[in-house]
$ cat data-v8.txt   # compact mmCIF, C-alpha atoms
# COMPACT_ATOMS: atom_id res chain seq x y z
CA MET A 24 136.08 78.89 -80.66
CA ASN A 25 135.42 79.35 -76.95
CA ILE A 26 138.50 79.46 -74.74
CA GLU A 27 137.42 76.29 -72.89
CA ASP A 28 137.57 74.43 -76.21
CA PHE A 29 141.35 74.66 -76.11
CA ALA A 30 141.41 72.19 -73.21
CA ALA A 31 142.11 68.59 -74.28
CA TYR A 32 139.48 65.90 -73.76
CA ARG A 33 141.63 64.12 -71.15
CA ALA A 34 141.52 67.22 -68.92
CA LYS A 35 137.76 67.38 -69.36
CA ARG A 36 137.45 63.72 -68.33
CA ILE A 37 138.40 64.55 -64.75
CA SER A 38 136.93 66.91 -62.17
CA TYR A 39 138.03 68.63 -59.02
CA SER A 40 137.29 66.62 -55.92
CA GLU A 41 134.88 67.46 -53.14
CA ILE A 42 137.95 67.91 -50.94
CA ARG A 43 138.86 71.05 -52.86
CA GLU A 44 135.30 72.35 -52.53
CA VAL A 45 135.39 71.97 -48.75
CA VAL A 46 138.86 73.49 -48.43
CA GLU A 47 137.96 76.51 -50.56
CA LEU A 48 134.76 77.20 -48.62
CA ALA A 49 136.54 76.77 -45.27
CA ASP A 50 139.27 79.16 -46.42
CA ARG A 51 136.65 81.88 -46.89
CA MET A 52 135.22 81.41 -43.39
CA GLU A 53 136.55 82.48 -40.01
CA GLY A 54 136.87 80.33 -36.91
CA VAL A 55 136.63 76.98 -38.71
CA ILE A 56 137.93 73.84 -37.03
CA ARG A 57 139.88 72.21 -39.86
CA LEU A 58 139.38 68.45 -39.73
CA GLU A 59 139.36 67.99 -43.50
CA GLN A 60 142.94 67.82 -44.75
CA GLY A 61 145.34 64.93 -44.27
CA GLU A 62 148.26 67.08 -43.23
CA PRO A 63 150.14 66.45 -39.98
CA ASP A 64 149.82 69.31 -37.49
CA PHE A 65 153.31 68.54 -36.18
CA ASP A 66 156.24 70.66 -37.32
CA THR A 67 158.95 69.00 -39.38
CA PRO A 68 161.52 67.78 -36.80
CA SER A 69 164.35 70.25 -36.26
CA HIS A 70 167.16 67.88 -37.29
CA ILE A 71 165.49 67.47 -40.69
CA LYS A 72 165.08 71.23 -41.14
CA ASN A 73 168.69 71.78 -40.10
CA ALA A 74 169.86 69.36 -42.79
CA ALA A 75 168.10 71.47 -45.42
CA ILE A 76 169.62 74.67 -44.03
CA LYS A 77 173.06 73.07 -44.12
CA ALA A 78 172.56 72.01 -47.74
CA ILE A 79 171.63 75.57 -48.69
CA LYS A 80 174.66 77.02 -46.89
CA LEU A 81 176.93 74.52 -48.65
CA GLY A 82 175.51 75.55 -52.00
CA LEU A 83 173.93 72.14 -52.69
CA THR A 84 171.17 73.76 -54.70
CA LYS A 85 171.74 72.43 -58.22
CA TYR A 86 169.84 69.72 -60.06
CA SER A 87 170.28 66.28 -58.59
CA PRO A 88 170.58 63.21 -60.83
CA ILE A 89 167.20 62.48 -62.43
CA ALA A 90 166.57 59.46 -60.22
CA GLY A 91 167.66 61.33 -57.09
CA LEU A 92 170.75 61.77 -54.93
CA PRO A 93 172.78 58.53 -54.94
CA GLU A 94 173.13 58.55 -51.15
CA LEU A 95 169.38 58.98 -50.70
CA ARG A 96 168.63 56.13 -53.10
CA GLU A 97 171.12 53.99 -51.19
CA ALA A 98 169.37 54.79 -47.90
CA ILE A 99 165.95 54.06 -49.40
CA ALA A 100 167.14 50.72 -50.78
CA GLU A 101 168.61 49.81 -47.39
CA LYS A 102 165.37 50.78 -45.66
CA LEU A 103 163.30 48.70 -48.10
CA HIS A 104 165.59 45.71 -47.58
CA LYS A 105 165.55 45.84 -43.78
CA GLU A 106 161.98 46.90 -43.13
CA ASN A 107 159.94 45.75 -46.12
CA GLY A 108 161.70 42.69 -47.48
CA ILE A 109 162.05 44.39 -50.87
CA HIS A 110 165.39 44.07 -52.65
CA VAL A 111 166.26 46.74 -55.22
CA ASN A 112 169.42 48.11 -56.76
CA PRO A 113 169.76 51.72 -55.56
CA GLU A 114 171.52 52.74 -58.77
CA SER A 115 168.81 51.61 -61.17
CA GLU A 116 165.67 50.53 -59.30
CA VAL A 117 164.93 53.44 -56.93
CA ILE A 118 163.52 56.76 -58.17
CA VAL A 119 163.15 59.80 -55.92
CA THR A 120 160.05 61.78 -56.89
CA SER A 121 158.34 65.05 -56.17
CA GLY A 122 156.12 63.51 -53.53
CA SER A 123 154.18 60.25 -53.61
CA THR A 124 151.49 61.87 -55.77
CA GLU A 125 153.97 62.32 -58.61
CA ALA A 126 155.23 58.80 -57.94
CA MET A 127 151.72 57.39 -58.40
CA PHE A 128 150.93 59.47 -61.50
CA THR A 129 154.27 58.68 -63.13
CA SER A 130 153.86 54.97 -62.43
CA ILE A 131 150.36 54.88 -63.90
CA LEU A 132 151.47 56.84 -66.98
CA THR A 133 154.26 54.32 -67.47
CA VAL A 134 152.24 51.10 -67.27
CA VAL A 135 148.70 51.97 -68.46
CA ASN A 136 147.83 51.92 -72.15
CA PRO A 137 144.59 53.41 -73.53
CA GLY A 138 141.79 50.98 -72.72
CA ASP A 139 143.69 49.09 -70.01
CA GLU A 140 141.64 48.41 -66.91
CA VAL A 141 143.02 49.33 -63.50
CA LEU A 142 141.50 47.99 -60.28
CA ILE A 143 141.03 50.75 -57.69
CA PRO A 144 139.89 50.47 -54.06
CA ASP A 145 136.45 51.85 -53.20
CA PRO A 146 136.48 53.77 -50.92
CA GLY A 147 139.94 54.96 -51.93
CA TYR A 148 142.18 57.96 -52.42
CA VAL A 149 140.52 60.50 -54.70
CA SER A 150 143.35 60.86 -57.26
CA TYR A 151 143.64 57.19 -58.28
CA GLU A 152 140.65 57.36 -60.60
CA ARG A 153 141.75 60.67 -62.09
CA PHE A 154 145.28 59.45 -62.79
CA VAL A 155 143.96 56.37 -64.60
CA LYS A 156 141.64 58.54 -66.70
CA LEU A 157 144.47 60.92 -67.59
CA ALA A 158 146.42 57.88 -68.81
CA GLU A 159 143.31 56.95 -70.86
CA GLY A 160 142.81 53.80 -68.87
CA VAL A 161 139.55 52.46 -67.45
CA PRO A 162 139.07 52.58 -63.66
CA ILE A 163 137.38 49.48 -62.21
CA PHE A 164 136.45 49.68 -58.54
CA TYR A 165 136.80 46.87 -56.03
CA GLU A 166 135.06 47.08 -52.69
CA ILE A 167 136.52 47.58 -49.23
CA GLU A 168 134.05 46.46 -46.57
CA TYR A 169 133.58 48.85 -43.65
CA ALA A 170 133.32 46.71 -40.53
CA PRO A 171 135.62 44.95 -40.35
CA PRO A 172 137.57 46.86 -43.02
CA ARG A 173 138.53 44.04 -45.37
CA ILE A 174 138.77 43.62 -49.14
CA ASP A 175 135.87 41.81 -50.80
CA LEU A 176 138.17 39.29 -52.48
CA GLU A 177 135.40 37.31 -54.20
CA GLY A 178 133.95 40.50 -55.63
CA LEU A 179 137.42 41.56 -56.76
CA LYS A 180 137.98 38.29 -58.63
CA GLU A 181 134.80 38.87 -60.62
CA LYS A 182 136.07 42.23 -61.84
CA ILE A 183 139.23 40.83 -63.43
CA THR A 184 139.10 40.58 -67.24
CA THR A 185 141.58 40.06 -70.06
CA ARG A 186 142.00 43.85 -70.12
CA THR A 187 143.04 44.14 -66.46
CA LYS A 188 146.54 45.59 -66.38
CA ALA A 189 147.11 46.74 -62.82
CA ILE A 190 145.69 46.87 -59.32
CA ILE A 191 146.24 49.79 -56.97
CA ILE A 192 146.72 48.77 -53.34
CA ASN A 193 146.75 51.25 -50.46
CA THR A 194 147.83 50.05 -47.04
CA PRO A 195 147.28 51.59 -44.56
CA GLY A 196 144.31 52.91 -46.44
CA ASN A 197 142.84 56.35 -46.94
CA PRO A 198 140.06 57.05 -45.91
CA MET A 199 139.22 53.93 -43.88
CA GLY A 200 142.50 53.28 -42.11
CA ASN A 201 142.48 49.59 -43.01
CA VAL A 202 145.80 47.74 -42.84
CA LEU A 203 145.89 44.80 -45.25
CA THR A 204 146.51 41.50 -43.52
CA LYS A 205 149.07 38.90 -44.54
CA GLU A 206 146.19 36.72 -45.77
CA GLU A 207 144.75 39.52 -47.90
CA LEU A 208 148.11 40.36 -49.43
CA LYS A 209 148.82 36.70 -50.14
CA ALA A 210 145.46 36.37 -51.92
CA LEU A 211 146.12 39.55 -53.90
CA SER A 212 149.59 38.37 -54.89
CA GLU A 213 148.16 35.07 -56.15
CA LEU A 214 145.58 36.95 -58.22
CA CYS A 215 148.31 39.14 -59.72
CA ILE A 216 150.43 36.12 -60.65
CA ASP A 217 147.53 34.05 -62.00
CA HIS A 218 146.19 36.89 -64.18
CA ASN A 219 149.48 38.65 -65.06
CA ILE A 220 148.57 41.86 -63.25
CA ILE A 221 151.01 44.44 -61.90
CA ALA A 222 150.51 45.77 -58.36
CA ILE A 223 150.99 49.47 -57.64
CA SER A 224 151.31 49.63 -53.87
CA ASP A 225 150.77 52.99 -52.18
CA GLU A 226 152.40 52.74 -48.74
CA ILE A 227 152.60 56.42 -47.81
CA TYR A 228 151.00 55.78 -44.38
CA GLU A 229 153.25 52.79 -43.72
CA LYS A 230 154.58 53.96 -40.34
CA ILE A 231 151.25 55.22 -39.02
CA VAL A 232 149.85 51.95 -37.66
CA PHE A 233 148.19 51.30 -34.32
CA ASP A 234 147.77 48.62 -31.66
CA GLY A 235 151.17 47.07 -32.34
CA ARG A 236 150.52 46.34 -36.01
CA LYS A 237 153.16 46.29 -38.73
CA ASN A 238 152.40 47.15 -42.32
CA LEU A 239 153.42 44.52 -44.88
CA SER A 240 154.54 45.16 -48.46
CA ILE A 241 153.08 43.07 -51.27
CA GLY A 242 156.40 43.42 -53.10
CA SER A 243 157.96 41.08 -50.53
CA PHE A 244 155.60 38.18 -51.32
CA PRO A 245 156.81 35.25 -53.46
CA GLY A 246 156.50 35.97 -57.17
CA MET A 247 155.72 39.67 -56.66
CA GLU A 248 159.19 41.17 -56.80
CA GLU A 249 159.09 41.67 -60.58
CA ARG A 250 155.46 42.74 -60.76
CA THR A 251 155.19 45.33 -57.98
CA ILE A 252 155.74 49.07 -58.03
CA THR A 253 156.16 50.24 -54.44
CA ILE A 254 155.38 53.89 -53.69
CA ASN A 255 156.22 55.71 -50.48
CA GLY A 256 157.40 59.08 -49.25
CA PHE A 257 158.21 61.39 -46.38
CA SER A 258 155.15 63.65 -46.13
CA LYS A 259 153.09 61.76 -43.57
CA THR A 260 155.78 59.94 -41.61
CA TYR A 261 158.01 62.94 -40.98
CA ALA A 262 155.48 65.81 -41.23
CA MET A 263 157.12 66.90 -44.50
CA THR A 264 154.08 67.53 -46.71
CA GLY A 265 155.41 70.74 -48.24
CA TRP A 266 158.88 69.33 -48.92
CA ARG A 267 157.51 67.10 -51.70
CA VAL A 268 159.76 64.05 -51.57
CA GLY A 269 158.56 60.55 -52.39
CA TYR A 270 160.01 57.51 -54.06
CA ILE A 271 159.34 54.54 -56.31
CA ALA A 272 160.90 51.10 -56.14
CA ALA A 273 160.52 48.80 -59.14
CA LYS A 274 162.59 46.13 -60.84
CA GLY A 275 164.74 46.08 -63.97
CA GLU A 276 163.60 47.65 -67.20
CA LEU A 277 160.30 48.72 -65.68
CA ALA A 278 162.18 51.01 -63.28
CA GLY A 279 164.09 52.45 -66.22
CA GLN A 280 160.88 53.21 -68.09
CA ILE A 281 159.35 54.85 -65.01
CA ASN A 282 162.49 56.97 -64.56
CA LYS A 283 162.25 58.09 -68.18
CA VAL A 284 158.67 59.29 -67.69
CA HIS A 285 159.63 60.88 -64.35
CA SER A 286 162.42 62.83 -66.04
CA ASN A 287 159.93 64.36 -68.47
CA VAL A 288 157.36 65.17 -65.80
CA VAL A 289 159.54 66.92 -63.18
CA LEU A 290 163.18 66.33 -64.27
CA CYS A 291 164.22 65.68 -60.66
CA ALA A 292 162.94 66.16 -57.12
CA ASN A 293 163.93 69.21 -55.07
CA THR A 294 167.60 68.74 -54.20
CA ILE A 295 167.51 70.55 -50.85
CA ALA A 296 164.48 68.53 -49.77
CA GLN A 297 166.32 65.35 -50.75
CA TYR A 298 169.13 66.14 -48.30
CA ALA A 299 166.48 66.68 -45.62
CA ALA A 300 164.86 63.34 -46.52
CA LEU A 301 168.23 61.60 -46.26
CA THR A 302 168.64 62.90 -42.72
CA ALA A 303 165.07 61.81 -41.90
CA LEU A 304 165.89 58.22 -42.90
CA LEU A 305 169.30 57.99 -41.27
CA SER A 306 168.44 59.63 -37.93
CA PRO A 307 166.79 58.04 -34.87
CA GLN A 308 163.07 57.50 -35.42
CA ASP A 309 161.82 58.71 -32.03
CA CYS A 310 160.00 61.64 -33.66
CA VAL A 311 157.93 59.19 -35.74
CA LYS A 312 157.08 57.04 -32.74
CA ASN A 313 155.97 60.09 -30.77
CA MET A 314 153.70 61.33 -33.57
CA VAL A 315 152.11 57.90 -34.04
CA LYS A 316 151.51 57.59 -30.30
CA GLU A 317 149.72 60.94 -30.33
CA TYR A 318 147.58 59.95 -33.34
CA GLU A 319 146.60 56.74 -31.59
CA GLU A 320 145.53 58.62 -28.47
CA ARG A 321 143.49 61.06 -30.55
CA ARG A 322 141.90 58.14 -32.40
CA ASP A 323 140.82 56.38 -29.21
CA ILE A 324 139.22 59.47 -27.69
CA ALA A 325 137.44 60.62 -30.86
CA VAL A 326 136.06 57.16 -31.75
CA LYS A 327 134.69 56.67 -28.23
CA LYS A 328 132.91 60.03 -28.29
CA LEU A 329 131.42 59.56 -31.77
CA ASN A 330 130.08 56.12 -30.92
CA GLU A 331 128.14 57.65 -28.04
CA VAL A 332 125.78 59.21 -30.60
CA ASN A 333 122.71 57.26 -31.72
CA ASN A 334 122.70 56.13 -35.36
CA VAL A 335 126.44 56.71 -35.76
CA HIS A 336 128.97 53.91 -36.15
CA CYS A 337 132.65 54.80 -36.17
CA SER A 338 134.96 51.83 -36.58
CA LEU A 339 138.43 51.87 -35.05
CA PRO A 340 140.99 52.55 -37.80
CA GLU A 341 144.02 50.26 -37.86
CA GLY A 342 146.34 52.86 -39.38
CA ALA A 343 146.67 56.25 -41.15
CA PHE A 344 145.16 59.24 -39.33
CA TYR A 345 141.52 59.37 -40.36
CA LEU A 346 138.13 58.38 -38.99
CA PHE A 347 135.37 57.39 -41.40
CA PRO A 348 132.11 57.41 -39.40
CA GLU A 349 129.02 55.85 -40.93
CA ILE A 350 125.97 58.15 -40.81
CA SER A 351 123.72 56.40 -43.37
CA ARG A 352 120.87 56.07 -40.86
CA ILE A 353 120.93 59.84 -40.48
CA GLU A 354 121.83 61.06 -43.96
CA ARG A 355 122.78 59.15 -47.08
CA ASN A 356 123.93 62.28 -48.90
CA SER A 357 127.36 62.80 -47.34
CA LYS A 358 128.02 65.98 -49.33
CA SER A 359 124.85 67.60 -48.01
CA PHE A 360 125.76 66.52 -44.46
CA VAL A 361 129.31 67.87 -44.63
CA PHE A 362 128.39 71.27 -46.07
CA LYS A 363 125.58 71.75 -43.53
CA LEU A 364 128.05 70.84 -40.77
CA LEU A 365 130.56 73.36 -42.09
CA LYS A 366 128.06 76.19 -42.46
CA GLU A 367 126.18 75.60 -39.20
CA LYS A 368 128.97 74.47 -36.84
CA LYS A 369 132.11 75.66 -38.62
CA VAL A 370 133.69 72.21 -38.64
CA ALA A 371 135.32 71.15 -41.91
CA THR A 372 135.29 67.45 -42.84
CA ILE A 373 135.17 65.54 -46.14
CA PRO A 374 132.10 63.81 -47.63
CA GLY A 375 132.58 60.07 -47.97
CA VAL A 376 131.39 60.10 -51.59
CA ALA A 377 134.61 61.94 -52.50
CA PHE A 378 136.35 58.58 -52.04
CA GLY A 379 133.97 56.55 -54.22
CA LYS A 380 130.43 55.22 -54.26
CA ARG A 381 131.15 52.96 -51.29
CA GLY A 382 131.99 56.05 -49.28
CA GLU A 383 128.48 57.44 -49.49
CA GLY A 384 126.79 57.55 -46.11
CA HIS A 385 130.13 58.29 -44.42
CA PHE A 386 132.30 61.34 -43.82
CA ARG A 387 136.01 61.62 -43.12
CA ILE A 388 137.58 63.28 -40.10
CA SER A 389 141.31 63.94 -39.98
CA LEU A 390 143.06 63.40 -36.66
CA THR A 391 145.76 65.91 -37.57
CA ARG A 392 144.74 68.62 -35.13
CA PRO A 393 145.79 69.17 -31.49
CA LYS A 394 143.69 67.29 -28.91
CA ASN A 395 141.82 70.36 -27.67
CA GLU A 396 140.84 71.41 -31.18
CA LEU A 397 139.89 67.86 -32.20
CA ASP A 398 137.82 67.48 -29.02
CA GLU A 399 135.95 70.70 -29.76
CA GLY A 400 135.36 69.62 -33.34
CA VAL A 401 133.99 66.26 -32.25
CA ARG A 402 131.79 67.95 -29.65
CA LYS A 403 130.29 70.18 -32.34
CA ILE A 404 129.81 67.20 -34.67
CA LYS A 405 127.96 65.31 -31.92
CA GLU A 406 125.75 68.32 -31.24
CA PHE A 407 125.04 68.72 -34.95
CA ILE A 408 124.12 65.04 -35.36
CA LYS A 409 121.85 64.99 -32.30
CA ASN A 410 119.78 67.80 -33.83
CA TYR A 411 119.84 66.36 -37.35
CA ARG A 412 116.51 65.09 -38.58
CA VAL A 413 116.76 61.30 -38.87
CA ARG A 414 115.34 59.93 -42.10
CA GLY A 415 112.10 58.03 -41.70

$ encode --input "data-v8.txt" --output "structure tokens"
Amino acid sequence: MNIEDFAAYRAKRISYSEIREVVELADRMEGVIRLEQGEPDFDTPSHIKNAAIKAIKLGLTKYSPIAGLPELREAIAEKLHKENGIHVNPESEVIVTSGSTEAMFTSILTVVNPGDEVLIPDPGYVSYERFVKLAEGVPIFYEIEYAPPRIDLEGLKEKITTRTKAIIINTPGNPMGNVLTKEELKALSELCIDHNIIAISDEIYEKIVFDGRKNLSIGSFPGMEERTITINGFSKTYAMTGWRVGYIAAKGELAGQINKVHSNVVLCANTIAQYAALTALLSPQDCVKNMVKEYEERRDIAVKKLNEVNNVHCSLPEGAFYLFPEISRIERNSKSFVFKLLKEKKVATIPGVAFGKRGEGHFRISLTRPKNELDEGVRKIKEFIKNYRVRG
């Protein structure tokens, strides 16, 4: 028996993403402008770091309860009530997780049986499909139009079958930056109710919205309270990616089942990081507003410059911190485009195909670099595109 034969079939069903390929190649190069990863360039605010230091000094370094620190769950429940219109019992319906990635994986493992179909946005976050496959479910992709960035609701309806168990919703969305409208969420909620589908709502970019928008939660819509799993976290909003704290809100027995799976996946989230997260929630939110303002300024400048290039169309994202320029009139093979860009201009981005078939002909740029570095990266991208041979 070869050593690779020891790996289970479910591991072999999934692959590494193109994001990892880009990151690994960029790591081996010098002088690369890193516009590929969705990681805030801001430091974690000092009051949040100080809360962690205080917890360490006080010896608060033991396991927390499986579902998380009671005071953090209380703060999360209060936040959900005030800001999202979601009403959950902090004692039994909030679960603190090791980041929103674990929250999503644990939720999918809890609700998806072998053969169940799960509706996934295309383009969409790369791990959704892999999580569904690891749970032995069947990923079914529904389309997000590019300009304007809206869900193809009629196309989505046609993909619903008797085997459809869940729909994954991501607002604001990665990679397109679309923020679902009230009308879209209402239509999705009606589909969930009519077809007995559970919604798994990934709201990790919730606070990063532009032009005065406000993100809405599908769990607040009539009839959706009992059939929504809301996922969020602290990584993007508070520049806490390495702290690994997220959370799940769900109702009743479903929350209990999710917590049971969570306890067997990670036992509990990092206790010190939970104290930091508690301070993040309870403190003034000026740091968040300042970061979002900076992202919006970066967005405006970069979009304007990219749209100055012939055969490029970069729509204005409504939220998150990515651009998703369309380059299909130049190059349909986004992977080829991105790796040529990296090798020739030392600018790292992500091929659109990494986010699904609908992402082909696009590439993703992260706005999480200082203005001067982002400007230089965009300048090099423009130069690269201008010299790229346009397909006949």

$ closest_residue --input "data-v8.txt" --among "A:Ile71, A:Ala377, A:Ile118, A:Leu48" --to "Lys283 in chain A" --atoms "only C-alpha atoms"
A:Ile118

$ residues_near_point --input "data-v8.txt" --point "(155.4, 62.4, -60.7)" --cutoff "12 Å" --atoms "all atoms listed in the file" --output "JSON, numbers by chain"
{"A": [89, 90, 118, 119, 120, 121, 122, 123, 124, 125, 126, 127, 128, 129, 130, 131, 132, 133, 154, 254, 267, 268, 269, 270, 271, 281, 282, 283, 284, 285, 286, 287, 288, 289, 290, 291, 292]}

$ residues_around --input "data-v8.txt" --residues "Leu329 in chain A" --least-positions-apart "5" --cutoff "9 Å" --atoms "only C-alpha atoms" --output "list in words"
Ile324, Val335, His336, Cys337, Pro348, Val401, Arg402, Ile404 and Lys405 of chain A

$ closest_residue --input "data-v8.txt" --among "A:Thr260, A:Asn334, A:Thr372, A:Thr204" --to "Glu44 in chain A" --atoms "all atoms listed in the file"
A:Thr372

$ residues_near_point --input "data-v8.txt" --point "(162.0, 67.2, -32.7)" --cutoff "12 Å" --atoms "all atoms listed in the file" --output "PDB file with C-alpha atoms, in the coordinates of the input"
ATOM      1  CA  PHE A  65     153.310  68.540 -36.180  1.00  0.00           C
ATOM      2  CA  ASP A  66     156.240  70.660 -37.320  1.00  0.00           C
ATOM      3  CA  THR A  67     158.950  69.000 -39.380  1.00  0.00           C
ATOM      4  CA  PRO A  68     161.520  67.780 -36.800  1.00  0.00           C
ATOM      5  CA  SER A  69     164.350  70.250 -36.260  1.00  0.00           C
ATOM      6  CA  HIS A  70     167.160  67.880 -37.290  1.00  0.00           C
ATOM      7  CA  ILE A  71     165.490  67.470 -40.690  1.00  0.00           C
ATOM      8  CA  LYS A  72     165.080  71.230 -41.140  1.00  0.00           C
ATOM      9  CA  ASN A  73     168.690  71.780 -40.100  1.00  0.00           C
ATOM     10  CA  TYR A 261     158.010  62.940 -40.980  1.00  0.00           C
ATOM     11  CA  ALA A 262     155.480  65.810 -41.230  1.00  0.00           C
ATOM     12  CA  ALA A 303     165.070  61.810 -41.900  1.00  0.00           C
ATOM     13  CA  SER A 306     168.440  59.630 -37.930  1.00  0.00           C
ATOM     14  CA  PRO A 307     166.790  58.040 -34.870  1.00  0.00           C
ATOM     15  CA  GLN A 308     163.070  57.500 -35.420  1.00  0.00           C
ATOM     16  CA  ASP A 309     161.820  58.710 -32.030  1.00  0.00           C
ATOM     17  CA  CYS A 310     160.000  61.640 -33.660  1.00  0.00           C
ATOM     18  CA  VAL A 311     157.930  59.190 -35.740  1.00  0.00           C
ATOM     19  CA  LYS A 312     157.080  57.040 -32.740  1.00  0.00           C
ATOM     20  CA  ASN A 313     155.970  60.090 -30.770  1.00  0.00           C
ATOM     21  CA  MET A 314     153.700  61.330 -33.570  1.00  0.00           C
TER      22      MET A 314
END

$ residues_around --input "data-v8.txt" --residues "Ile220 in chain A" --least-positions-apart "3" --cutoff "10 Å" --atoms "all atoms listed in the file" --output "PyMOL selection string"
chain A and resi 141-142+183+185-190+211-217+223+247+250-251

$ write_last_selection --input "data-v8.txt" --atoms "C-alpha atoms" --output "compact mmCIF listing (two decimals), in the frame of the given file"
# COMPACT_ATOMS: atom_id res chain seq x y z
CA VAL A 141 143.02 49.33 -63.50
CA LEU A 142 141.50 47.99 -60.28
CA ILE A 183 139.23 40.83 -63.43
CA THR A 185 141.58 40.06 -70.06
CA ARG A 186 142.00 43.85 -70.12
CA THR A 187 143.04 44.14 -66.46
CA LYS A 188 146.54 45.59 -66.38
CA ALA A 189 147.11 46.74 -62.82
CA ILE A 190 145.69 46.87 -59.32
CA LEU A 211 146.12 39.55 -53.90
CA SER A 212 149.59 38.37 -54.89
CA GLU A 213 148.16 35.07 -56.15
CA LEU A 214 145.58 36.95 -58.22
CA CYS A 215 148.31 39.14 -59.72
CA ILE A 216 150.43 36.12 -60.65
CA ASP A 217 147.53 34.05 -62.00
CA ILE A 223 150.99 49.47 -57.64
CA MET A 247 155.72 39.67 -56.66
CA ARG A 250 155.46 42.74 -60.76
CA THR A 251 155.19 45.33 -57.98

$ atom_distance --input "data-v8.txt" --atom1 "CA of Lys328 in chain A" --atom2 "CA of Asn197 in chain A"
21.4 Å

$ closest_residue --input "data-v8.txt" --among "A:Ala49, A:Leu346, A:Ile192, A:Ala31" --to "Glu226 in chain A" --atoms "all atoms listed in the file"
A:Ile192

$ atom_distance --input "data-v8.txt" --atom1 "CA of Pro374 in chain A" --atom2 "CA of Ala34 in chain A"
23.5 Å

$ residues_around --input "data-v8.txt" --residues "Lys77 in chain A" --least-positions-apart "4" --cutoff "10 Å" --atoms "all atoms listed in the file" --output "JSON, numbers by chain"
{"A": [72, 73, 81, 82, 83, 295, 298, 299]}

$ write_last_selection --input "data-v8.txt" --atoms "C-alpha atoms" --output "JSON list (two decimals), in the frame of the given file"
[["chain", "number", "residue", "atom", "x", "y", "z"],
["A", 72, "LYS", "CA", 165.08, 71.23, -41.14],
["A", 73, "ASN", "CA", 168.69, 71.78, -40.10],
["A", 81, "LEU", "CA", 176.93, 74.52, -48.65],
["A", 82, "GLY", "CA", 175.51, 75.55, -52.00],
["A", 83, "LEU", "CA", 173.93, 72.14, -52.69],
["A", 295, "ILE", "CA", 167.51, 70.55, -50.85],
["A", 298, "TYR", "CA", 169.13, 66.14, -48.30],
["A", 299, "ALA", "CA", 166.48, 66.68, -45.62]]

$ residues_around --input "data-v8.txt" --residues "Arg236 in chain A" --least-positions-apart "5" --cutoff "12 Å" --atoms "only C-alpha atoms" --output "list in words"
Thr194, Pro195, Asn201, Val202, Leu203, Thr204, Lys205, Glu229, Lys230, Ile231, Val315, Glu319, Pro340, Glu341, Gly342 and Ala343 of chain A

$ closest_residue --input "data-v8.txt" --among "A:Lys274, A:Arg392, A:Arg355, A:Arg36" --to "Arg322 in chain A" --atoms "all atoms listed in the file"
A:Arg392

$ closest_residue --input "data-v8.txt" --among "A:Ser359, A:Asn293, A:Asn330, A:Ser87" --to "Glu41 in chain A" --atoms "all atoms listed in the file"
A:Ser359

$ atom_distance --input "data-v8.txt" --atom1 "CA of Gly375 in chain A" --atom2 "CA of Thr184 in chain A"
28.2 Å

$ closest_residue --input "data-v8.txt" --among "A:Asn193, A:Gln60, A:Ser38, A:Ser351" --to "Thr253 in chain A" --atoms "only C-alpha atoms"
A:Asn193

$ residues_around --input "data-v8.txt" --residues "Lys366 in chain A" --least-positions-apart "6" --cutoff "12 Å" --atoms "all atoms listed in the file" --output "list in words"
Val45, Leu48, Ala49, Arg51, Met52, Glu53, Gly54, Val55, Ile56, Ser359, Phe360, Thr372, Lys403 and Phe407 of chain A

$ axis_aligned_box --input "data-v8.txt" --around "range 347-363 of chain A" --padding-each-side "6 Å" --output "AutoDock Vina command-line options"
--center_x 128.1 --center_y 63.8 --center_z -44.4 --size_x 26.5 --size_y 27.9 --size_z 21.9

$ decode --input "data-v8.txt" --residues "range 212-225 of chain A" --atoms "C-alpha atoms" --output "short mmCIF file (atom, residue, chain, number, x, y, z; two decimals), in the first residue's frame"
data_model
loop_
_atom_site.label_atom_id
_atom_site.label_comp_id
_atom_site.auth_asym_id
_atom_site.auth_seq_id
_atom_site.Cartn_x
_atom_site.Cartn_y
_atom_site.Cartn_z
CA SER A 212 -36.37 34.01 2.96
CA GLU A 213 -39.57 33.16 1.07
CA LEU A 214 -37.74 30.46 -0.88
CA CYS A 215 -36.35 28.99 2.35
CA ILE A 216 -39.81 28.90 3.95
CA ASP A 217 -41.59 27.54 0.87
CA HIS A 218 -39.05 24.74 0.32
CA ASN A 219 -38.07 24.03 3.95
CA ILE A 220 -34.46 25.11 3.48
CA ILE A 221 -32.10 26.31 6.20
CA ALA A 222 -30.05 29.47 5.60
CA ILE A 223 -26.41 29.59 6.69
CA SER A 224 -25.57 33.28 6.64
CA ASP A 225 -21.90 34.28 6.57
#
